[in-house]
>>> print(open('upload27.cif').read())   # mmCIF, C-alpha atoms and all ligand atoms
data_upload
#
loop_
_atom_site.label_atom_id
_atom_site.label_comp_id
_atom_site.auth_asym_id
_atom_site.auth_seq_id
_atom_site.Cartn_x
_atom_site.Cartn_y
_atom_site.Cartn_z
CA MET A 1100 85.66 -97.36 -83.62
CA PRO A 1101 82.98 -100.09 -83.57
CA HIS A 1102 79.87 -99.48 -81.53
CA PRO A 1103 79.20 -102.10 -78.85
CA LEU A 1104 75.89 -103.94 -79.17
CA ARG A 1105 74.50 -106.82 -77.20
CA ALA A 1106 72.43 -109.52 -78.83
CA ARG A 1107 70.67 -112.32 -77.07
CA LEU A 1108 69.46 -115.55 -78.63
CA ARG A 1109 67.14 -117.15 -76.13
CA THR A 1110 65.53 -120.52 -76.02
CA ALA A 1111 61.90 -120.43 -75.07
CA GLY A 1112 60.42 -122.79 -72.52
CA CYS A 1113 60.25 -125.45 -75.15
CA ALA A 1114 63.17 -125.14 -77.51
CA ALA A 1115 65.68 -122.29 -78.38
CA ALA A 1116 66.00 -118.20 -79.48
CA LEU A 1117 68.40 -114.02 -80.45
CA MET A 1118 67.99 -110.99 -78.46
CA ALA A 1119 69.91 -107.86 -79.10
CA ALA A 1120 69.80 -104.63 -77.19
CA GLY A 1121 71.97 -101.59 -77.28
CA ALA A 1122 72.50 -98.14 -78.54
CA ALA A 1123 71.54 -97.30 -82.08
CA SER A 1124 74.54 -96.93 -84.26
CA GLN A 1125 75.35 -94.91 -87.33
CA ALA A 1126 78.69 -96.34 -88.28
CA ALA A 1127 78.70 -99.52 -90.35
CA LEU A 1128 81.09 -101.38 -88.05
CA VAL A 1129 79.65 -102.67 -84.76
CA ASP A 1130 80.65 -105.23 -82.16
CA VAL A 1131 77.63 -107.46 -81.57
CA THR A 1132 77.59 -109.85 -78.64
CA VAL A 1133 75.23 -112.73 -79.37
CA THR A 1134 73.98 -114.63 -76.35
CA VAL A 1135 72.22 -117.94 -76.83
CA GLN A 1136 70.18 -119.19 -73.91
CA ASN A 1137 68.50 -122.57 -73.58
CA LEU A 1138 65.19 -121.98 -71.83
CA ALA A 1139 64.06 -125.59 -72.08
CA PRO A 1140 62.93 -127.11 -68.77
CA GLY A 1141 65.49 -129.00 -66.68
CA ASN A 1142 66.26 -132.50 -67.99
CA SER A 1143 64.83 -131.60 -71.40
CA ILE A 1144 66.62 -130.90 -74.67
CA ALA A 1145 70.13 -129.51 -74.97
CA PHE A 1146 71.87 -128.03 -77.99
CA ALA A 1147 75.18 -128.66 -79.68
CA PRO A 1148 77.33 -125.52 -80.21
CA LEU A 1149 75.40 -122.88 -82.18
CA HIS A 1150 76.81 -122.13 -85.61
CA ALA A 1151 76.04 -118.57 -86.67
CA GLY A 1152 76.95 -115.87 -89.11
CA PHE A 1153 76.18 -112.28 -89.99
CA ASN A 1154 75.80 -112.25 -93.75
CA SER A 1155 74.44 -110.79 -96.98
CA GLY A 1156 71.41 -113.08 -97.13
CA THR A 1157 72.62 -115.46 -99.81
CA PHE A 1158 73.56 -118.67 -97.95
CA ASP A 1159 70.59 -121.06 -97.82
CA ALA A 1160 71.49 -124.31 -96.05
CA PHE A 1161 68.20 -126.21 -96.39
CA ASN A 1162 64.57 -126.10 -97.52
CA LEU A 1163 61.41 -127.40 -95.93
CA GLY A 1164 60.39 -130.42 -98.00
CA GLY A 1165 63.80 -130.65 -99.68
CA ILE A 1166 66.46 -133.33 -99.37
CA ALA A 1167 69.03 -132.34 -96.76
CA THR A 1168 72.54 -131.97 -98.14
CA GLY A 1169 75.95 -132.32 -96.52
CA PRO A 1170 76.20 -128.88 -94.94
CA ILE A 1171 72.99 -129.08 -92.89
CA ILE A 1172 73.51 -132.79 -92.20
CA SER A 1173 76.84 -131.85 -90.62
CA VAL A 1174 74.85 -129.79 -88.13
CA ALA A 1175 71.88 -132.14 -87.70
CA GLU A 1176 73.85 -135.36 -87.26
CA GLY A 1177 76.36 -134.80 -84.49
CA GLY A 1178 76.43 -131.03 -84.42
CA ALA A 1179 79.96 -130.44 -85.71
CA GLY A 1180 78.79 -128.19 -88.54
CA ASP A 1181 82.12 -128.26 -90.39
CA LEU A 1182 80.52 -128.62 -93.82
CA TRP A 1183 77.91 -125.97 -92.93
CA GLN A 1184 80.68 -123.48 -92.08
CA ALA A 1185 82.60 -124.32 -95.26
CA ALA A 1186 79.52 -124.00 -97.48
CA PHE A 1187 78.63 -120.71 -95.79
CA ALA A 1188 82.15 -119.36 -96.47
CA ALA A 1189 82.00 -120.48 -100.10
CA ALA A 1190 78.56 -119.01 -100.75
CA ASP A 1191 79.16 -115.74 -98.91
CA PRO A 1192 82.90 -115.04 -98.52
CA GLY A 1193 82.27 -111.72 -96.76
CA ALA A 1194 80.14 -113.21 -93.98
CA VAL A 1195 81.35 -113.07 -90.38
CA ARG A 1196 80.89 -116.55 -88.96
CA GLY A 1197 81.49 -118.28 -85.67
CA THR A 1198 80.51 -121.07 -83.32
CA ILE A 1199 79.04 -120.04 -79.99
CA GLY A 1200 79.88 -121.99 -76.85
CA GLY A 1201 79.86 -125.73 -76.25
CA LEU A 1202 77.07 -128.10 -75.26
CA LEU A 1203 74.17 -125.88 -74.15
CA LEU A 1204 72.32 -127.64 -71.35
CA PRO A 1205 68.82 -126.62 -70.19
CA GLY A 1206 69.11 -123.24 -68.45
CA ALA A 1207 72.61 -122.55 -69.76
CA THR A 1208 73.89 -119.50 -71.66
CA SER A 1209 76.75 -118.93 -74.10
CA SER A 1210 77.99 -115.73 -75.78
CA LEU A 1211 80.29 -114.65 -78.55
CA THR A 1212 81.10 -111.21 -79.95
CA PHE A 1213 81.18 -110.59 -83.70
CA ARG A 1214 82.57 -107.49 -85.45
CA VAL A 1215 79.95 -106.75 -88.10
CA ASP A 1216 79.82 -104.37 -91.03
CA THR A 1217 76.07 -103.74 -91.01
CA ASP A 1218 76.09 -102.52 -94.62
CA VAL A 1219 77.61 -105.75 -95.92
CA ASN A 1220 76.16 -108.26 -93.45
CA PRO A 1221 72.75 -107.15 -92.12
CA PHE A 1222 71.31 -110.70 -91.95
CA PHE A 1223 71.74 -113.34 -89.23
CA THR A 1224 71.74 -117.09 -89.90
CA PHE A 1225 72.11 -119.85 -87.32
CA ALA A 1226 71.96 -123.62 -86.95
CA ALA A 1227 72.46 -126.04 -84.06
CA MET A 1228 71.69 -129.68 -83.41
CA ALA A 1229 69.07 -130.47 -80.77
CA VAL A 1230 70.08 -133.37 -78.55
CA PRO A 1231 69.20 -136.06 -77.86
CA SER A 1232 68.18 -136.76 -81.44
CA ASN A 1233 69.30 -138.52 -84.57
CA ASP A 1234 69.08 -135.53 -86.91
CA PHE A 1235 67.09 -132.72 -85.30
CA PHE A 1236 68.21 -129.11 -85.51
CA ILE A 1237 67.14 -125.50 -85.20
CA GLY A 1238 67.87 -122.85 -87.81
CA ASN A 1239 66.37 -120.42 -90.30
CA ASP A 1240 65.10 -121.87 -93.59
CA SER A 1241 65.17 -118.49 -95.37
CA PRO A 1242 68.53 -116.68 -95.37
CA THR A 1243 66.67 -113.36 -95.24
CA GLU A 1244 64.32 -114.30 -92.40
CA TYR A 1245 66.30 -112.31 -89.84
CA ARG A 1246 67.51 -108.90 -90.99
CA LEU A 1247 69.10 -107.51 -87.85
CA PHE A 1248 70.21 -104.11 -89.13
CA ASP A 1249 68.60 -101.41 -91.22
CA ALA A 1250 70.45 -99.29 -93.78
CA ALA A 1251 71.53 -96.88 -91.04
CA GLY A 1252 72.97 -99.66 -88.89
CA ASN A 1253 70.17 -99.60 -86.33
CA LEU A 1254 69.36 -102.88 -84.63
CA LEU A 1255 65.97 -104.10 -85.88
CA VAL A 1256 65.65 -107.51 -84.21
CA PRO A 1257 66.71 -107.75 -80.56
CA THR A 1258 65.33 -111.24 -79.94
CA ILE A 1259 64.78 -114.43 -81.87
CA THR A 1260 62.81 -117.09 -80.04
CA VAL A 1261 62.61 -120.63 -81.36
CA GLY A 1262 59.88 -122.90 -80.02
CA ALA A 1263 59.56 -126.67 -80.04
CA ALA A 1264 57.26 -126.49 -83.05
CA GLU A 1265 60.16 -124.96 -85.02
CA ILE A 1266 62.52 -127.92 -84.58
CA TRP A 1267 63.52 -129.53 -87.88
CA ASP A 1268 64.05 -133.20 -88.69
CA ALA A 1269 66.69 -133.31 -91.43
CA GLY A 1270 65.13 -136.50 -92.80
CA SER A 1271 68.61 -137.94 -93.24
CA GLU A 1272 68.75 -140.39 -90.32
CA VAL A 1273 66.08 -142.77 -89.06
CA PHE A 1274 64.76 -142.21 -85.55
CA ASP A 1275 66.56 -144.71 -83.33
CA PRO A 1276 67.48 -144.04 -79.69
CA ALA A 1277 70.34 -146.55 -79.94
CA ALA A 1278 71.92 -144.40 -82.67
CA ALA A 1279 71.01 -140.98 -81.30
CA ALA A 1280 73.61 -138.46 -80.21
CA PHE A 1281 73.69 -137.77 -76.44
CA VAL A 1282 71.96 -141.06 -75.51
CA GLY A 1283 73.27 -143.63 -77.98
CA ASN A 1284 76.02 -144.42 -80.44
CA ASN A 1285 76.08 -141.99 -83.34
CA GLY A 1286 77.98 -144.51 -85.43
CA LEU A 1287 74.93 -146.78 -85.69
CA ARG A 1288 73.06 -144.35 -87.94
CA ARG A 1289 70.83 -145.56 -90.76
CA ASN A 1290 69.68 -143.54 -93.76
CA GLN A 1291 66.16 -142.18 -93.60
CA ASN A 1292 65.99 -141.09 -97.26
CA SER A 1293 63.36 -138.49 -96.49
CA VAL A 1294 63.15 -134.70 -96.60
CA VAL A 1295 63.43 -131.82 -94.14
CA ALA A 1296 60.29 -131.53 -92.03
CA LEU A 1297 59.12 -129.94 -88.81
CA ASN A 1298 59.12 -132.56 -86.06
CA PHE A 1299 59.46 -132.50 -82.31
CA ALA A 1300 57.08 -135.30 -81.36
CA GLU A 1301 59.85 -137.90 -81.71
CA LEU A 1302 61.75 -136.26 -78.85
CA ALA A 1303 59.41 -138.00 -76.40
CA GLY A 1304 60.85 -141.28 -77.69
CA PHE A 1305 64.02 -140.52 -75.73
CA ASN A 1306 62.23 -140.07 -72.40
CA GLY A 1307 63.80 -142.06 -69.59
CA LEU A 1308 67.17 -142.47 -71.27
CA THR A 1309 70.37 -141.30 -69.59
CA THR A 1310 72.06 -138.46 -71.46
CA GLY A 1311 75.76 -137.88 -71.94
CA ALA A 1312 75.49 -135.16 -69.30
CA GLY A 1313 74.19 -137.69 -66.76
CA TYR A 1314 70.58 -136.59 -66.43
CA THR A 1315 67.51 -138.66 -67.27
CA PHE A 1316 65.89 -137.14 -70.31
CA ASN A 1317 62.32 -135.84 -70.27
CA ALA A 1318 61.32 -133.97 -73.43
CA SER A 1319 58.61 -131.80 -71.81
CA ALA A 1320 58.12 -130.25 -75.26
CA SER A 1321 54.91 -128.41 -75.94
CA ALA A 1322 53.06 -127.92 -79.18
CA SER A 1323 52.57 -124.20 -78.80
CA PRO A 1324 53.58 -122.64 -82.08
CA ARG A 1325 55.94 -120.13 -80.54
CA CYS A 1326 56.71 -120.48 -76.87
CA ARG A 1327 57.82 -116.88 -76.53
CA ASN A 1328 59.36 -115.92 -73.26
CA PRO A 1329 57.78 -112.68 -72.03
CA ALA A 1330 61.20 -111.39 -71.02
CA ALA A 1331 62.50 -111.91 -74.52
CA THR A 1332 59.91 -110.00 -76.47
CA ARG A 1333 61.12 -107.06 -78.43
CA CA B 1401 65.86 -122.45 -97.41
CA CA B 1402 65.19 -138.19 -88.80
#
>>> encode(input="upload27.cif", output="C-alpha cells")
Amino acid sequence: MPHPLRARLRTAGCAAALMAAGAASQAALVDVTVTVQNLAPGNSIAFAPLHAGFNSGTFDAFNLGGIATGPIISVAEGGAGDLWQAAFAAADPGAVRGTIGGLLLPGATSSLTFRVDTDVNPFFTFAAMAVPSNDFFIGNDSPTEYRLFDAAGNLLVPTITVGAAEIWDAGSEVFDPAAAAFVGNNGLRRNQNSVVALNFAELAGFNGLTTGAGYTFNASASASPRCRNPAATR
C-alpha cells in the first residue's frame, strides 16, 4: 500500500513555493499531496493553475538566456500549459503529471495528490503563469533542481519557496497591459523575439488596473532574492 505524504508548495510574500511533510517511507510507492499556496500580498499577483510532475529528471522546458519554445510559451502566455504537458509526456513517459487547482489568488491554496514511485520519479518539476502579465511564469530551469526523494524513498525537500526575483519573462511577448492576461485582451499579443530572463520589475506596470477577479492590482513585489516564509522553511 502507498504511504501517505503531504507536500506543500508555498508562495512567499512576494511570489510563489513546495512543502512536504510526513512519515519517512521505505516502499517505492507513495501518495504525495502537493499544496500550492500563494503568499503574495492581497491585490498582488495571482497564478494560473500550476502544472507539475514527478519525474526522472529529463524534461527540461526552458533555459535562462534561451529562446522560449512552444511548451513553456503555452504556460507563460495564458497559462493553459497544454503543450508543456504534452512535451513532458513525450520526453518522460513514466512521469506522473497533473494540474493543481484553478486561478490561485493572493492568499489562496490548492492541493492535488499524486501516486509516485520514488525510484522512478524522484524529481519534481513545475510551471505556472503569473498574472497579470504578458508572458511571466514560475518554474524550475533545471529538471534536477528539486530531487524530492532519496534512494530509500525518504522525503528530502519539504518546501520549495519561489520569490519575486525568481519570476521568469519568457521573452516571447512584448510587455503591454492592453494585451496582458487578467487585465487585458490576450489576443492582442505581439512577438517580443527575445530570450528567457528573470524579470519582475515590469509587474509594477500593471498597478492600478482592474483584474479579471475584480480587484485593483498592486504588484507590491520586493527585490529580495528569496522571500522565504519562516513557516515554510525545512
Ligand atoms: Ca533548463
Ligand atoms: Ca515579455
>>> residues_around(input="upload27.cif", residues="region 1166-1173 of chain A", least_positions_apart="5", cutoff="7 Å", atoms="all atoms listed in the file", output="ChimeraX atom specification")
/A:1160-1161,1178-1183,1186,1269-1271,1293-1295
>>> write_last_selection(input="upload27.cif", atoms="C-alpha atoms", output="short mmCIF file (atom, residue, chain, number, x, y, z; two decimals), in the coordinates of the input")
data_model
loop_
_atom_site.label_atom_id
_atom_site.label_comp_id
_atom_site.auth_asym_id
_atom_site.auth_seq_id
_atom_site.Cartn_x
_atom_site.Cartn_y
_atom_site.Cartn_z
CA ALA A 1160 71.49 -124.31 -96.05
CA PHE A 1161 68.20 -126.21 -96.39
CA GLY A 1178 76.43 -131.03 -84.42
CA ALA A 1179 79.96 -130.44 -85.71
CA GLY A 1180 78.79 -128.19 -88.54
CA ASP A 1181 82.12 -128.26 -90.39
CA LEU A 1182 80.52 -128.62 -93.82
CA TRP A 1183 77.91 -125.97 -92.93
CA ALA A 1186 79.52 -124.00 -97.48
CA ALA A 1269 66.69 -133.31 -91.43
CA GLY A 1270 65.13 -136.50 -92.80
CA SER A 1271 68.61 -137.94 -93.24
CA SER A 1293 63.36 -138.49 -96.49
CA VAL A 1294 63.15 -134.70 -96.60
CA VAL A 1295 63.43 -131.82 -94.14
#
>>> residues_around(input="upload27.cif", residues="region 1228-1237 of chain A", least_positions_apart="2", cutoff="6 Å", atoms="all atoms listed in the file", output="ChimeraX atom specification")
/A:1144-1147,1174-1176,1178,1226,1266-1269,1272,1274,1279-1281
>>> write_last_selection(input="upload27.cif", atoms="C-alpha atoms", output="short mmCIF file (atom, residue, chain, number, x, y, z; two decimals), in the coordinates of the input")
data_model
loop_
_atom_site.label_atom_id
_atom_site.label_comp_id
_atom_site.auth_asym_id
_atom_site.auth_seq_id
_atom_site.Cartn_x
_atom_site.Cartn_y
_atom_site.Cartn_z
CA ILE A 1144 66.62 -130.90 -74.67
CA ALA A 1145 70.13 -129.51 -74.97
CA PHE A 1146 71.87 -128.03 -77.99
CA ALA A 1147 75.18 -128.66 -79.68
CA VAL A 1174 74.85 -129.79 -88.13
CA ALA A 1175 71.88 -132.14 -87.70
CA GLU A 1176 73.85 -135.36 -87.26
CA GLY A 1178 76.43 -131.03 -84.42
CA ALA A 1226 71.96 -123.62 -86.95
CA ILE A 1266 62.52 -127.92 -84.58
CA TRP A 1267 63.52 -129.53 -87.88
CA ASP A 1268 64.05 -133.20 -88.69
CA ALA A 1269 66.69 -133.31 -91.43
CA GLU A 1272 68.75 -140.39 -90.32
CA PHE A 1274 64.76 -142.21 -85.55
CA ALA A 1279 71.01 -140.98 -81.30
CA ALA A 1280 73.61 -138.46 -80.21
CA PHE A 1281 73.69 -137.77 -76.44
#
>>> residues_near_ligand(input="upload27.cif", ligand="ligand CA 1401 (chain B)", cutoff="12 Å", atoms="all atoms listed in the file", output="count of residues only")
24
>>> closest_residue(input="upload27.cif", among="A:Ile1259, A:Ala1312, A:Ala1151, A:Ala1300", to="ligand CA 1402 (chain B)", atoms="only C-alpha atoms and all ligand atoms")
A:Ala1300
>>> atom_distance(input="upload27.cif", atom1="CA of Val1256 (chain A)", atom2="CA of Thr1208 (chain A)")
19.2 Å
>>> residues_near_point(input="upload27.cif", point="(66.1, -139.2, -68.8)", cutoff="10 Å", atoms="all atoms listed in the file", output="ChimeraX atom specification")
/A:1142-1143,1282,1305-1310,1313-1318
>>> closest_residue(input="upload27.cif", among="A:Val1273, A:Asn1285, A:Leu1302, A:Ala1189", to="ligand CA 1402 (chain B)", atoms="only C-alpha atoms and all ligand atoms")
A:Val1273
>>> closest_residue(input="upload27.cif", among="A:Ala1264, A:Ala1185, A:Val1215, A:Leu1202", to="Thr1132 (chain A)", atoms="only C-alpha atoms")
A:Val1215
